[in-house]
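The next block is run-v3.tsv, given as TSV, C-alpha atoms and all ligand atoms.
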```
chain	number	residue	atom	x	y	z
N	1	MET	CA	-2.02	6.06	9.26
N	2	ALA	CA	1.59	6.99	8.69
N	3	LEU	CA	2.11	10.58	9.67
N	4	ALA	CA	3.74	11.19	6.33
N	5	GLU	CA	0.61	10.02	4.55
N	6	HIS	CA	-1.54	12.46	6.47
N	7	ASP	CA	1.04	15.11	5.68
N	8	VAL	CA	0.36	14.58	2.00
N	9	ALA	CA	-2.72	16.79	2.08
N	10	ARG	CA	-0.90	19.49	3.98
N	11	VAL	CA	2.13	19.24	1.72
N	12	ALA	CA	-0.20	19.87	-1.20
N	13	ARG	CA	-1.40	23.10	0.36
N	14	ARG	CA	1.67	24.75	1.84
N	15	SER	CA	5.06	25.87	0.72
N	16	PRO	CA	7.91	25.65	3.26
N	17	SER	CA	8.08	29.41	3.60
N	18	SER	CA	4.46	30.41	3.18
N	19	SER	CA	1.17	29.11	4.45
N	20	ILE	CA	-0.80	30.14	1.38
N	21	LEU	CA	1.29	29.56	-1.74
N	22	PRO	CA	1.13	26.04	-3.19
N	23	MET	CA	4.37	24.10	-3.23
N	24	PRO	CA	5.88	23.91	-6.71
N	25	VAL	CA	5.99	20.10	-6.48
N	26	PRO	CA	4.03	18.50	-3.64
N	27	LEU	CA	4.62	14.83	-2.90
N	28	LEU	CA	1.03	14.20	-3.94
N	29	ASP	CA	-1.64	16.57	-5.24
N	30	LEU	CA	-5.05	14.98	-4.81
N	31	ARG	CA	-6.81	18.15	-5.87
N	32	ALA	CA	-5.16	17.94	-9.30
N	33	GLN	CA	-6.64	14.46	-9.75
N	34	HIS	CA	-10.06	15.44	-8.44
N	35	ALA	CA	-10.18	18.32	-10.93
N	36	THR	CA	-9.92	15.82	-13.81
N	37	ILE	CA	-12.83	13.64	-12.62
N	38	ARG	CA	-15.01	16.11	-10.73
N	39	ASP	CA	-17.77	15.89	-13.33
N	40	GLU	CA	-17.96	12.11	-12.92
N	41	ILE	CA	-17.70	11.94	-9.15
N	42	LEU	CA	-20.12	14.64	-8.06
N	43	PRO	CA	-23.21	13.33	-9.93
N	44	ALA	CA	-22.48	9.81	-8.61
N	45	LEU	CA	-22.27	11.16	-5.09
N	46	GLU	CA	-25.44	13.19	-5.56
N	47	GLY	CA	-27.34	10.06	-6.65
N	48	LEU	CA	-26.13	8.15	-3.62
N	49	VAL	CA	-27.05	10.94	-1.21
N	50	ASP	CA	-30.51	11.19	-2.78
N	51	SER	CA	-30.97	7.42	-2.29
N	52	GLN	CA	-30.04	7.70	1.41
N	53	LEU	CA	-28.78	4.11	1.28
N	54	PHE	CA	-25.43	4.45	2.99
N	55	ILE	CA	-24.57	0.98	4.33
N	56	LEU	CA	-23.45	-1.78	1.91
N	57	GLY	CA	-26.09	-2.43	-0.80
N	58	ALA	CA	-25.72	-2.11	-4.57
N	59	PRO	CA	-22.77	0.35	-4.76
N	60	VAL	CA	-20.58	-1.83	-2.53
N	61	GLU	CA	-21.61	-5.02	-4.35
N	62	ARG	CA	-20.78	-3.37	-7.66
N	63	LEU	CA	-17.32	-2.33	-6.50
N	64	GLU	CA	-16.74	-5.82	-5.07
N	65	ARG	CA	-17.53	-7.33	-8.49
N	66	GLU	CA	-15.24	-4.82	-10.21
N	67	VAL	CA	-12.31	-5.38	-7.88
N	68	ALA	CA	-12.73	-9.18	-8.06
N	69	GLU	CA	-12.62	-8.92	-11.84
N	70	LEU	CA	-9.53	-6.71	-11.78
N	71	SER	CA	-7.81	-9.08	-9.35
N	72	HIS	CA	-8.79	-12.30	-11.20
N	73	THR	CA	-10.47	-13.61	-8.05
N	74	LYS	CA	-13.91	-15.10	-7.50
N	75	TYR	CA	-14.77	-12.98	-4.48
N	76	ALA	CA	-14.13	-9.53	-3.05
N	77	VAL	CA	-15.40	-8.21	0.28
N	78	GLY	CA	-15.36	-4.51	1.14
N	79	CYS	CA	-14.46	-3.27	4.62
N	80	ALA	CA	-13.63	-0.07	6.46
N	81	SER	CA	-9.88	0.23	5.75
N	82	GLY	CA	-6.76	-1.59	4.59
N	83	THR	CA	-5.94	-2.14	8.24
N	84	ASP	CA	-9.28	-3.84	8.86
N	85	ALA	CA	-8.81	-5.91	5.70
N	86	LEU	CA	-5.68	-7.40	7.32
N	87	LEU	CA	-7.43	-7.82	10.66
N	88	LEU	CA	-10.46	-9.56	9.16
N	89	ALA	CA	-8.21	-11.77	6.99
N	90	LEU	CA	-6.23	-12.90	10.05
N	91	LYS	CA	-9.49	-13.61	11.92
N	92	ALA	CA	-10.95	-15.52	8.97
N	93	LEU	CA	-7.88	-17.79	9.07
N	94	ASP	CA	-8.35	-18.33	12.83
N	95	VAL	CA	-5.09	-16.60	13.74
N	96	GLY	CA	-5.03	-15.82	17.45
N	97	PRO	CA	-3.18	-16.16	20.76
N	98	GLY	CA	-0.30	-18.64	20.69
N	99	ASP	CA	0.14	-18.32	16.92
N	100	GLU	CA	3.05	-16.79	15.02
N	101	VAL	CA	2.71	-14.84	11.78
N	102	ILE	CA	5.76	-14.26	9.59
N	103	THR	CA	6.07	-10.87	7.89
N	104	THR	CA	8.47	-8.09	6.90
N	105	PRO	CA	9.50	-5.24	9.19
N	106	PHE	CA	9.90	-2.82	6.25
N	107	THR	CA	6.26	-1.85	5.77
N	108	PHE	CA	3.52	0.37	7.11
N	109	PHE	CA	2.68	-0.29	10.75
N	110	ALA	CA	-0.71	-1.91	10.08
N	111	THR	CA	0.89	-5.05	8.63
N	112	ALA	CA	2.24	-6.06	12.03
N	113	GLY	CA	-0.11	-4.06	14.26
N	114	THR	CA	-3.01	-6.24	13.14
N	115	ILE	CA	-1.07	-9.44	13.89
N	116	HIS	CA	-0.52	-8.15	17.42
N	117	ASN	CA	-4.15	-7.07	17.70
N	118	VAL	CA	-5.51	-10.56	16.99
N	119	GLY	CA	-3.30	-11.78	19.85
N	120	ALA	CA	-0.65	-13.46	17.68
N	121	ARG	CA	3.10	-12.85	17.58
N	122	PRO	CA	4.67	-11.03	14.61
N	123	VAL	CA	7.83	-12.80	13.41
N	124	PHE	CA	9.93	-10.41	11.35
N	125	VAL	CA	12.21	-11.59	8.55
N	126	ASP	CA	14.42	-9.45	6.37
N	127	ILE	CA	13.82	-8.06	2.89
N	128	GLU	CA	15.43	-8.37	-0.51
N	129	PRO	CA	17.47	-5.15	-0.64
N	130	LYS	CA	16.57	-4.34	-4.25
N	131	THR	CA	12.78	-4.77	-4.15
N	132	TYR	CA	12.29	-4.15	-0.39
N	133	ASN	CA	9.96	-7.17	-0.36
N	134	ILE	CA	10.15	-10.19	1.96
N	135	ARG	CA	12.79	-12.87	1.29
N	136	PRO	CA	11.06	-16.22	0.75
N	137	ASP	CA	14.07	-18.20	2.07
N	138	ALA	CA	14.15	-16.10	5.24
N	139	ALA	CA	10.41	-16.68	5.67
N	140	ALA	CA	10.98	-20.45	5.34
N	141	ALA	CA	13.77	-20.35	7.92
N	142	ALA	CA	11.50	-18.58	10.41
N	143	ARG	CA	8.82	-21.29	10.33
N	144	THR	CA	8.05	-23.04	13.61
N	145	ALA	CA	5.29	-25.34	14.82
N	146	LYS	CA	3.39	-22.19	15.81
N	147	THR	CA	3.45	-20.53	12.36
N	148	LYS	CA	-0.18	-19.92	11.37
N	149	ALA	CA	0.14	-17.50	8.43
N	150	VAL	CA	2.60	-15.45	6.41
N	151	VAL	CA	2.02	-11.85	5.28
N	152	PRO	CA	4.15	-10.73	2.33
N	153	VAL	CA	3.73	-7.04	1.47
N	154	ASP	CA	3.70	-5.71	-2.10
N	155	LEU	CA	5.71	-2.63	-1.22
N	156	PHE	CA	5.60	0.64	-3.16
N	157	GLY	CA	3.46	-0.91	-5.93
N	158	GLN	CA	5.52	-4.00	-6.78
N	159	MET	CA	4.30	-7.50	-5.99
N	160	ALA	CA	6.35	-9.63	-3.64
N	161	ALA	CA	7.41	-13.08	-4.84
N	162	VAL	CA	4.13	-14.38	-3.44
N	163	GLU	CA	4.36	-17.72	-5.26
N	164	ASP	CA	7.84	-18.34	-3.84
N	165	VAL	CA	6.67	-17.41	-0.35
N	166	ALA	CA	3.82	-19.92	-0.71
N	167	LYS	CA	6.23	-22.61	-1.96
N	168	ALA	CA	8.69	-21.86	0.85
N	169	LEU	CA	5.96	-22.39	3.48
N	170	PRO	CA	3.84	-25.30	2.25
N	171	GLY	CA	0.50	-25.58	4.01
N	172	ILE	CA	0.71	-22.08	5.50
N	173	PRO	CA	-1.96	-19.62	4.30
N	174	VAL	CA	-0.71	-16.43	2.65
N	175	ILE	CA	-2.25	-13.03	3.33
N	176	GLU	CA	-0.88	-10.69	0.66
N	177	ASP	CA	-0.83	-7.11	1.94
N	178	ALA	CA	-1.46	-5.40	-1.40
N	179	ALA	CA	-2.52	-2.10	0.19
N	180	GLN	CA	-0.09	-0.24	-2.07
N	181	SER	CA	-0.43	-2.40	-5.16
N	182	ILE	CA	-3.95	-2.75	-6.52
N	183	GLY	CA	-3.69	-3.61	-10.22
N	184	ALA	CA	0.01	-4.55	-10.05
N	185	ARG	CA	0.88	-7.80	-11.80
N	186	ARG	CA	3.57	-10.43	-11.92
N	187	SER	CA	4.38	-13.02	-14.53
N	188	ILE	CA	4.26	-16.43	-12.84
N	189	ASP	CA	4.94	-19.52	-14.99
N	190	GLY	CA	4.36	-17.37	-18.06
N	191	GLU	CA	1.00	-15.96	-16.96
N	192	TRP	CA	0.13	-12.54	-15.59
N	193	ARG	CA	-1.14	-12.83	-12.04
N	194	MET	CA	-2.67	-9.85	-10.30
N	195	ALA	CA	-1.90	-8.48	-6.84
N	196	GLY	CA	-4.04	-10.49	-4.42
N	197	GLU	CA	-4.73	-13.32	-6.85
N	198	VAL	CA	-2.22	-15.94	-5.79
N	199	ALA	CA	-2.63	-15.53	-2.04
N	200	THR	CA	-5.18	-17.21	0.20
N	201	ILE	CA	-6.49	-13.70	0.87
N	202	GLY	CA	-5.28	-10.45	-0.72
N	203	THR	CA	-5.95	-7.14	1.02
N	204	PHE	CA	-6.29	-3.64	-0.42
N	205	SER	CA	-6.46	-0.13	1.03
N	206	PHE	CA	-8.40	2.75	-0.48
N	207	PHE	CA	-6.66	5.35	1.69
N	208	PRO	CA	-6.71	8.58	-0.36
N	209	SER	CA	-2.99	8.45	-1.25
N	210	LYS	CA	-3.25	4.99	-2.82
N	211	ASN	CA	-3.41	4.60	-6.63
N	212	LEU	CA	-7.12	3.87	-6.18
N	213	GLY	CA	-7.94	6.20	-3.30
N	214	GLY	CA	-11.33	7.00	-1.82
N	215	TYR	CA	-12.55	10.23	-0.32
N	216	GLY	CA	-11.93	8.78	3.14
N	217	ASP	CA	-10.98	5.36	4.48
N	218	GLY	CA	-11.84	2.06	2.82
N	219	GLY	CA	-10.47	-1.41	2.19
N	220	MET	CA	-11.20	-4.72	0.48
N	221	MET	CA	-10.24	-8.39	0.67
N	222	VAL	CA	-10.09	-10.75	-2.31
N	223	THR	CA	-10.06	-14.55	-2.34
N	224	ASN	CA	-10.93	-17.56	-4.48
N	225	ASP	CA	-12.27	-19.50	-1.50
N	226	ALA	CA	-16.06	-19.36	-1.08
N	227	ALA	CA	-15.97	-20.35	2.60
N	228	ILE	CA	-13.40	-17.65	3.39
N	229	SER	CA	-15.42	-15.06	1.48
N	230	ASP	CA	-18.56	-15.96	3.47
N	231	ARG	CA	-16.66	-15.78	6.73
N	232	LEU	CA	-15.19	-12.36	5.83
N	233	LYS	CA	-18.70	-11.10	5.08
N	234	ARG	CA	-19.89	-12.30	8.48
N	235	LEU	CA	-16.88	-10.93	10.32
N	236	ARG	CA	-17.38	-7.42	8.92
N	237	MET	CA	-20.99	-7.47	10.28
N	238	HIS	CA	-20.52	-8.51	13.91
N	239	GLY	CA	-20.06	-12.17	12.99
N	240	GLY	CA	-23.61	-12.92	11.87
N	241	ALA	CA	-24.95	-14.04	8.50
N	242	LYS	CA	-28.45	-13.07	9.61
N	243	GLN	CA	-29.26	-9.83	11.40
N	244	TYR	CA	-29.32	-10.19	15.21
N	245	PHE	CA	-28.04	-13.80	15.06
N	246	HIS	CA	-24.31	-14.17	15.70
N	247	ASP	CA	-22.27	-17.28	14.89
N	248	GLU	CA	-19.15	-15.65	16.29
N	249	VAL	CA	-18.00	-12.27	17.55
N	250	GLY	CA	-17.04	-10.07	14.63
N	251	PHE	CA	-16.58	-6.37	13.94
N	252	ASN	CA	-18.35	-3.39	12.49
N	253	SER	CA	-16.15	-2.88	9.46
N	254	ARG	CA	-18.08	-2.04	6.33
N	255	LEU	CA	-17.10	-0.07	3.28
N	256	ASP	CA	-19.23	3.08	3.06
N	257	SER	CA	-21.48	3.20	-0.01
N	258	LEU	CA	-20.27	6.78	-0.47
N	259	GLN	CA	-16.72	5.49	-0.84
N	260	ALA	CA	-17.85	2.67	-3.14
N	261	VAL	CA	-19.48	5.19	-5.48
N	262	VAL	CA	-16.30	7.29	-5.62
N	263	LEU	CA	-14.11	4.23	-6.12
N	264	SER	CA	-16.28	2.79	-8.92
N	265	ALA	CA	-16.11	6.14	-10.69
N	266	LYS	CA	-12.32	6.21	-10.32
N	267	LEU	CA	-11.64	2.56	-11.20
N	268	PRO	CA	-11.88	2.96	-15.01
N	269	HIS	CA	-9.02	5.49	-14.74
N	270	LEU	CA	-6.75	3.32	-12.62
N	271	ALA	CA	-4.87	1.60	-15.46
N	272	ALA	CA	-4.06	4.92	-17.18
N	273	TRP	CA	-3.03	6.58	-13.90
N	274	SER	CA	-0.70	3.70	-13.06
N	275	ALA	CA	0.72	3.74	-16.59
N	276	LYS	CA	1.47	7.47	-16.21
N	277	ARG	CA	3.23	6.75	-12.92
N	278	ARG	CA	5.35	4.13	-14.75
N	279	ALA	CA	6.17	6.68	-17.46
N	280	ASN	CA	7.19	9.23	-14.81
N	281	ALA	CA	9.33	6.56	-13.14
N	282	ALA	CA	11.06	5.73	-16.44
N	283	TYR	CA	11.76	9.44	-16.99
N	284	TYR	CA	13.34	9.79	-13.53
N	285	ASP	CA	15.30	6.54	-14.00
N	286	GLN	CA	16.92	7.89	-17.11
N	287	ALA	CA	17.61	11.29	-15.61
N	288	PHE	CA	19.36	9.81	-12.56
N	289	ALA	CA	21.17	7.01	-14.41
N	290	ASP	CA	24.59	8.71	-14.27
N	291	LEU	CA	24.40	9.64	-10.56
N	292	ASP	CA	26.46	7.24	-8.42
N	293	ALA	CA	24.88	8.65	-5.27
N	294	VAL	CA	21.35	7.71	-6.37
N	295	THR	CA	20.02	4.18	-6.79
N	296	THR	CA	16.74	4.20	-8.70
N	297	PRO	CA	13.96	1.70	-7.93
N	298	TYR	CA	14.46	-1.87	-9.11
N	299	VAL	CA	11.47	-3.60	-10.63
N	300	GLU	CA	11.92	-7.32	-11.12
N	301	PRO	CA	11.64	-8.33	-14.81
N	302	ALA	CA	8.63	-10.51	-13.85
N	303	ASN	CA	6.81	-7.55	-12.33
N	304	GLU	CA	4.78	-4.61	-13.54
N	305	SER	CA	4.75	-2.06	-10.73
N	306	ILE	CA	2.02	0.50	-10.20
N	307	PHE	CA	4.55	2.84	-8.52
N	308	ASN	CA	2.47	3.90	-5.56
N	309	GLN	CA	5.84	5.33	-4.53
N	310	TYR	CA	9.00	6.15	-6.47
N	311	THR	CA	11.63	5.39	-3.87
N	312	ILE	CA	15.31	6.06	-4.41
N	313	ARG	CA	18.24	5.08	-2.20
N	314	VAL	CA	20.68	7.87	-1.71
N	315	GLU	CA	23.79	9.07	0.06
N	316	ARG	CA	23.20	11.92	2.56
N	317	ARG	CA	19.47	11.23	2.52
N	318	ASP	CA	18.37	13.63	5.25
N	319	GLU	CA	20.40	16.50	3.77
N	320	LEU	CA	18.87	15.83	0.35
N	321	GLN	CA	15.39	15.82	1.83
N	322	SER	CA	15.82	19.23	3.46
N	323	PHE	CA	17.51	20.61	0.33
N	324	LEU	CA	14.46	19.55	-1.71
N	325	LYS	CA	12.08	20.91	0.91
N	326	ASP	CA	13.79	24.31	0.72
N	327	ARG	CA	13.09	24.26	-3.02
N	328	GLY	CA	9.43	23.42	-2.55
N	329	ILE	CA	9.71	19.74	-3.43
N	330	GLY	CA	7.76	17.36	-1.24
N	331	THR	CA	9.30	13.99	-0.33
N	332	SER	CA	8.74	11.36	2.31
N	333	ILE	CA	10.61	8.59	4.07
N	334	TYR	CA	8.77	5.29	3.88
N	335	TYR	CA	9.81	4.01	6.45
N	336	PRO	CA	12.22	5.62	8.91
N	337	LEU	CA	12.17	2.91	11.62
N	338	PRO	CA	11.60	-0.76	10.72
N	339	LEU	CA	8.86	-2.42	12.72
N	340	HIS	CA	11.12	-4.87	14.60
N	341	LEU	CA	12.77	-1.84	16.26
N	342	GLN	CA	9.55	0.03	17.14
N	343	PRO	CA	9.20	0.61	20.90
N	344	CYS	CA	5.81	-1.13	20.97
N	345	PHE	CA	7.44	-4.34	19.69
N	346	ALA	CA	10.37	-4.29	22.16
N	347	TYR	CA	8.70	-7.26	23.90
N	348	LEU	CA	9.51	-9.40	20.84
N	349	GLY	CA	13.22	-9.08	21.64
N	350	TYR	CA	14.61	-7.94	18.29
N	351	LYS	CA	17.82	-5.89	18.37
N	352	GLU	CA	19.56	-3.61	15.94
N	353	GLY	CA	21.17	-5.95	13.40
N	354	SER	CA	18.28	-8.46	13.47
N	355	CYS	CA	17.10	-7.38	9.99
N	356	PRO	CA	20.11	-5.53	8.53
N	357	GLU	CA	18.70	-4.88	5.05
N	358	SER	CA	15.53	-3.32	6.47
N	359	GLU	CA	17.62	-1.17	8.80
N	360	ARG	CA	19.91	-0.04	5.97
N	361	ALA	CA	16.93	0.76	3.73
N	362	ALA	CA	15.32	2.82	6.50
N	363	LYS	CA	18.43	5.04	6.57
N	364	GLN	CA	18.71	5.48	2.80
N	365	VAL	CA	15.27	5.60	1.18
N	366	LEU	CA	13.51	8.71	-0.05
N	367	SER	CA	10.24	8.80	-2.01
N	368	LEU	CA	9.87	11.48	-4.68
N	369	PRO	CA	6.66	12.89	-6.25
N	370	ILE	CA	5.38	10.38	-8.84
N	371	TYR	CA	1.65	11.08	-9.11
N	372	PRO	CA	0.14	10.97	-12.62
N	373	GLU	CA	-0.82	14.64	-12.84
N	374	LEU	CA	2.78	15.88	-12.46
N	375	THR	CA	3.61	18.24	-15.29
N	376	GLN	CA	6.74	17.99	-17.40
N	377	GLY	CA	7.99	21.16	-15.70
N	378	GLN	CA	7.48	19.67	-12.25
N	379	LEU	CA	9.29	16.45	-13.18
N	380	ASP	CA	12.20	18.49	-14.55
N	381	ASP	CA	12.26	20.64	-11.39
N	382	VAL	CA	12.61	17.54	-9.23
N	383	ILE	CA	15.36	16.18	-11.47
N	384	SER	CA	17.40	19.37	-11.54
N	385	ALA	CA	17.07	19.81	-7.78
N	386	VAL	CA	18.30	16.26	-7.09
N	387	ARG	CA	21.12	16.64	-9.61
N	388	GLY	CA	21.96	20.06	-8.19
N	389	PHE	CA	22.30	18.62	-4.70
N	390	TYR	CA	24.92	16.15	-5.94
N	391	GLY	CA	26.67	18.90	-7.94
N	392	ARG	CA	25.69	17.51	-11.36
I	401	LIG	C1	1.45	-1.77	3.32
I	401	LIG	C2	0.22	-1.23	3.97
I	401	LIG	N1	-0.53	-2.05	4.72
I	401	LIG	C3	-1.66	-1.62	5.31
I	401	LIG	C4	-2.09	-0.32	5.17
I	401	LIG	C5	-3.30	0.11	5.92
I	401	LIG	O1	-4.29	0.64	5.10
I	401	LIG	P1	-5.31	1.74	5.68
I	401	LIG	O2	-4.55	3.01	5.83
I	401	LIG	O3	-6.38	1.81	4.63
I	401	LIG	O4	-5.83	1.23	6.98
I	401	LIG	C6	-1.35	0.57	4.37
I	401	LIG	C7	-1.76	1.97	4.10
I	401	LIG	O5	-1.84	2.88	4.75
I	401	LIG	C8	-0.16	0.11	3.78
I	401	LIG	O6	0.59	0.92	3.04
```

Take the structure I supplied and represent it as structure tokens, if you would.
Amino acid sequence: MALAEHDVARVARRSPSSSILPMPVPLLDLRAQHATIRDEILPALEGLVDSQLFILGAPVERLEREVAELSHTKYAVGCASGTDALLLALKALDVGPGDEVITTPFTFFATAGTIHNVGARPVFVDIEPKTYNIRPDAAAAARTAKTKAVVPVDLFGQMAAVEDVAKALPGIPVIEDAAQSIGARRSIDGEWRMAGEVATIGTFSFFPSKNLGGYGDGGMMVTNDAAISDRLKRLRMHGGAKQYFHDEVGFNSRLDSLQAVVLSAKLPHLAAWSAKRRANAAYYDQAFADLDAVTTPYVEPANESIFNQYTIRVERRDELQSFLKDRGIGTSIYYPLPLHLQPCFAYLGYKEGSCPESERAAKQVLSLPIYPELTQGQLDDVISAVRGFYGR
């Protein structure tokens, strides 16, 4: 998990100067959300605990049906995390040693870490500077005889141009890393398509800081291909369709029923929570419109973002971040070092300048609090602090 994402819980509890006072505006306040749904979650959890049926079963099947419906796909398969969803997807497409997988370096580590962990080679291509998502033409240019899959990422809540990526790489399966974008949609040929829908396999994370977050780790894969769905189900259970009989070597990666119960209780709220995030984003956009030093997030006209993050590009980013911290405003940098420059990927041979837009973004981006429970006062505090920093 990104350190910053773990920090979210701590940020919600501590002010910069005191270990007991809450911050005026944490980056994310999960307790504020829990307070609004406590009466729905706790009875559901109680029922599950009383049943003592903790592994797969009805609660996981129910959530799989619900997420498939949301994503306009025929199948959904729960697993232990968004990272495992990527890993299982790569395995289900037979990606392994000797293969190359094209992806973006401006993403959470798991996108490329899983490619490495199945024995394949991550091939990094640069991003569109406005959306931070993979450039389809760059993905096409990176294709070789070894290319086995492509992994576009729907960063910060906005779908990548998944259909263009698929067109740019005919015959290559697409794994859409939609960890940050469940419920996001994109108008393709005049029709709304959901995150995960257009890809060969779409993957979601239920990490607590996601728009649909569990009370622990969880993940899910969606697909319209029955054979892939069956294979994913086997792979999450040690590779066997029947207990103690193994067609191949798989993993132990199941979604906990406890998490499924929490997630099914939260799912009916997802659309309203994401709409509130969009409203908060629109409010910030307007408030920062006259600041030359701040570039607000760009959402493509074809897209409806779920704003898992509200990420601005700014001058003097690090100074602004500490200025906001001193005023009790939580922020985070997603992501400070693009993956092609991470020490663990030095063996791939990328250098500074290999993906210039990703490198520039890493130096300029700053994510502000955007969660749906932010009060008007908190939003205004963030705005006046940012404006104050730039003397406006
Ligand atoms: C883009 C992206 N991919 C993959 C993951 C991995 O998900 P998880 O933390 O559930 O393993 C995350 C979230 O942390 C993510 O943001």

*Given 10 Å and only C-alpha atoms and all ligand atoms, residues near ligand LIG 401 (chain I) as a VMD selection string*: chain N and resid 1 to 3 5 to 6 79 to 87 106 to 114 152 to 157 176 to 181 203 to 210 213 to 214 216 to 220 308 334

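Nearest residue to Pro173 in chain N among N:Ile228, N:Ile188, N:Ala161, N:Leu93 is N:Leu93, counting only C-alpha atoms.
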
*Determine the nearest neighbour of Leu56 in chain N from the options N:Val25, N:Ala287, N:Ala385, N:Leu255, counting only C-alpha atoms.*
N:Leu255

Around the point (-0.7, -16.8, 7.2) (coordinates from the file), which residues reach within 10 Å if we count all atoms listed in the file? Answer as a tab-separated table (two decimals) with C-alpha atoms, in the coordinates of the input.
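File written: selection-v7.tsv
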```
chain	number	residue	atom	x	y	z
N	89	ALA	CA	-8.21	-11.77	6.99
N	90	LEU	CA	-6.23	-12.90	10.05
N	93	LEU	CA	-7.88	-17.79	9.07
N	94	ASP	CA	-8.35	-18.33	12.83
N	95	VAL	CA	-5.09	-16.60	13.74
N	99	ASP	CA	0.14	-18.32	16.92
N	100	GLU	CA	3.05	-16.79	15.02
N	101	VAL	CA	2.71	-14.84	11.78
N	102	ILE	CA	5.76	-14.26	9.59
N	103	THR	CA	6.07	-10.87	7.89
N	115	ILE	CA	-1.07	-9.44	13.89
N	147	THR	CA	3.45	-20.53	12.36
N	148	LYS	CA	-0.18	-19.92	11.37
N	149	ALA	CA	0.14	-17.50	8.43
N	150	VAL	CA	2.60	-15.45	6.41
N	151	VAL	CA	2.02	-11.85	5.28
N	152	PRO	CA	4.15	-10.73	2.33
N	166	ALA	CA	3.82	-19.92	-0.71
N	169	LEU	CA	5.96	-22.39	3.48
N	171	GLY	CA	0.50	-25.58	4.01
N	172	ILE	CA	0.71	-22.08	5.50
N	173	PRO	CA	-1.96	-19.62	4.30
N	174	VAL	CA	-0.71	-16.43	2.65
N	175	ILE	CA	-2.25	-13.03	3.33
N	176	GLU	CA	-0.88	-10.69	0.66
N	199	ALA	CA	-2.63	-15.53	-2.04
N	200	THR	CA	-5.18	-17.21	0.20
N	201	ILE	CA	-6.49	-13.70	0.87
```

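Interatomic distance, CA of Thr144 in chain N to CA of Val123 in chain N: 10.2 Å.
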
*Give me, please, the distance in Å between CA of Ser187 in chain N and CA of Asn133 in chain N, quoted to one decimal.*
16.3 Å

_Ala361 in chain N environment, 8 Å, only C-alpha atoms, sequence neighbours closer than 3 positions dropped, as JSON, numbers by chain_ = {"N": [129, 132, 313, 357, 358, 364, 365]}

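CA of Leu88 in chain N is positioned 11.2 Å from CA of His238 in chain N.
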
_List as a PyMOL selection string the protein and nucleic acid residues near Val294 in chain N, meaning an atom at most 10 Å away when all atoms listed in the file are counted, but skip any in the same chain fewer than 6 places from it._
chain N and resi 285+288+312-315+317+364-365+386-387+390

Sorted per-residue table, range 92-128 of chain N near range 341-352 of chain N, closest atoms and distance, 9 Å, all atoms listed in the file, as CSV:
```
residue,atom,partner,partner_atom,distance
N:Pro105,CA,N:Leu341,CA,8.5
N:Arg121,CA,N:Leu348,CA,8.0
N:Pro122,CA,N:Leu348,CA,8.1
N:Val123,CA,N:Leu348,CA,8.3
N:Phe124,CA,N:Tyr350,CA,8.7
```

*Between N:Ala142, N:Gly353, N:Ala279, N:Lys91, which one has atoms that come closest to Gly119 in chain N, using only C-alpha atoms?*
N:Lys91

*For Gly330 in chain N, work out the shell of residues within 7 Å, counting only C-alpha atoms and skipping chain neighbours fewer than 6 positions away, then give it as a ChimeraX atom specification.*
/N:11,25-27,369

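Distances here use all atoms listed in the file; by that measure, the residue among N:Leu291, N:Leu263, N:Ala68, N:Ala271 closest to Leu45 in chain N is N:Leu263.
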
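Every protein or nucleic acid residue with an atom no more than 9 Å from Ser71 in chain N, counting all atoms listed in the file and leaving out same-chain residues fewer than 5 positions away, appears here: Glu66, Ala76, Ile182, Gly183, Arg193, Met194, Ala195, Gly196, Glu197 and Val222 of chain N.
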
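Of the listed residues N:Ile127, N:Val60, N:Leu30, N:Ala272, the one whose atoms come nearest to Pro338 in chain N is N:Ile127, with distances taken using all atoms listed in the file.
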
*Compute the distance from (-18.4, 7.3, -2.0) to each atom, counting only C-alpha atoms, keep the residues with any atom at most 8 Å away, and return them as number ranges by chain; use the coordinates of the file.*
N: 45, 48, 214-215, 256-263

*asked:* So that I can check the surroundings of Lys130 in chain N, please list as an MDAnalysis selection string every protein, DNA and RNA residue that reaches within 9 Å of it, counting all atoms listed in the file and ignoring chain neighbours fewer than 6 positions away.
replied: chainID N and resid 297:300
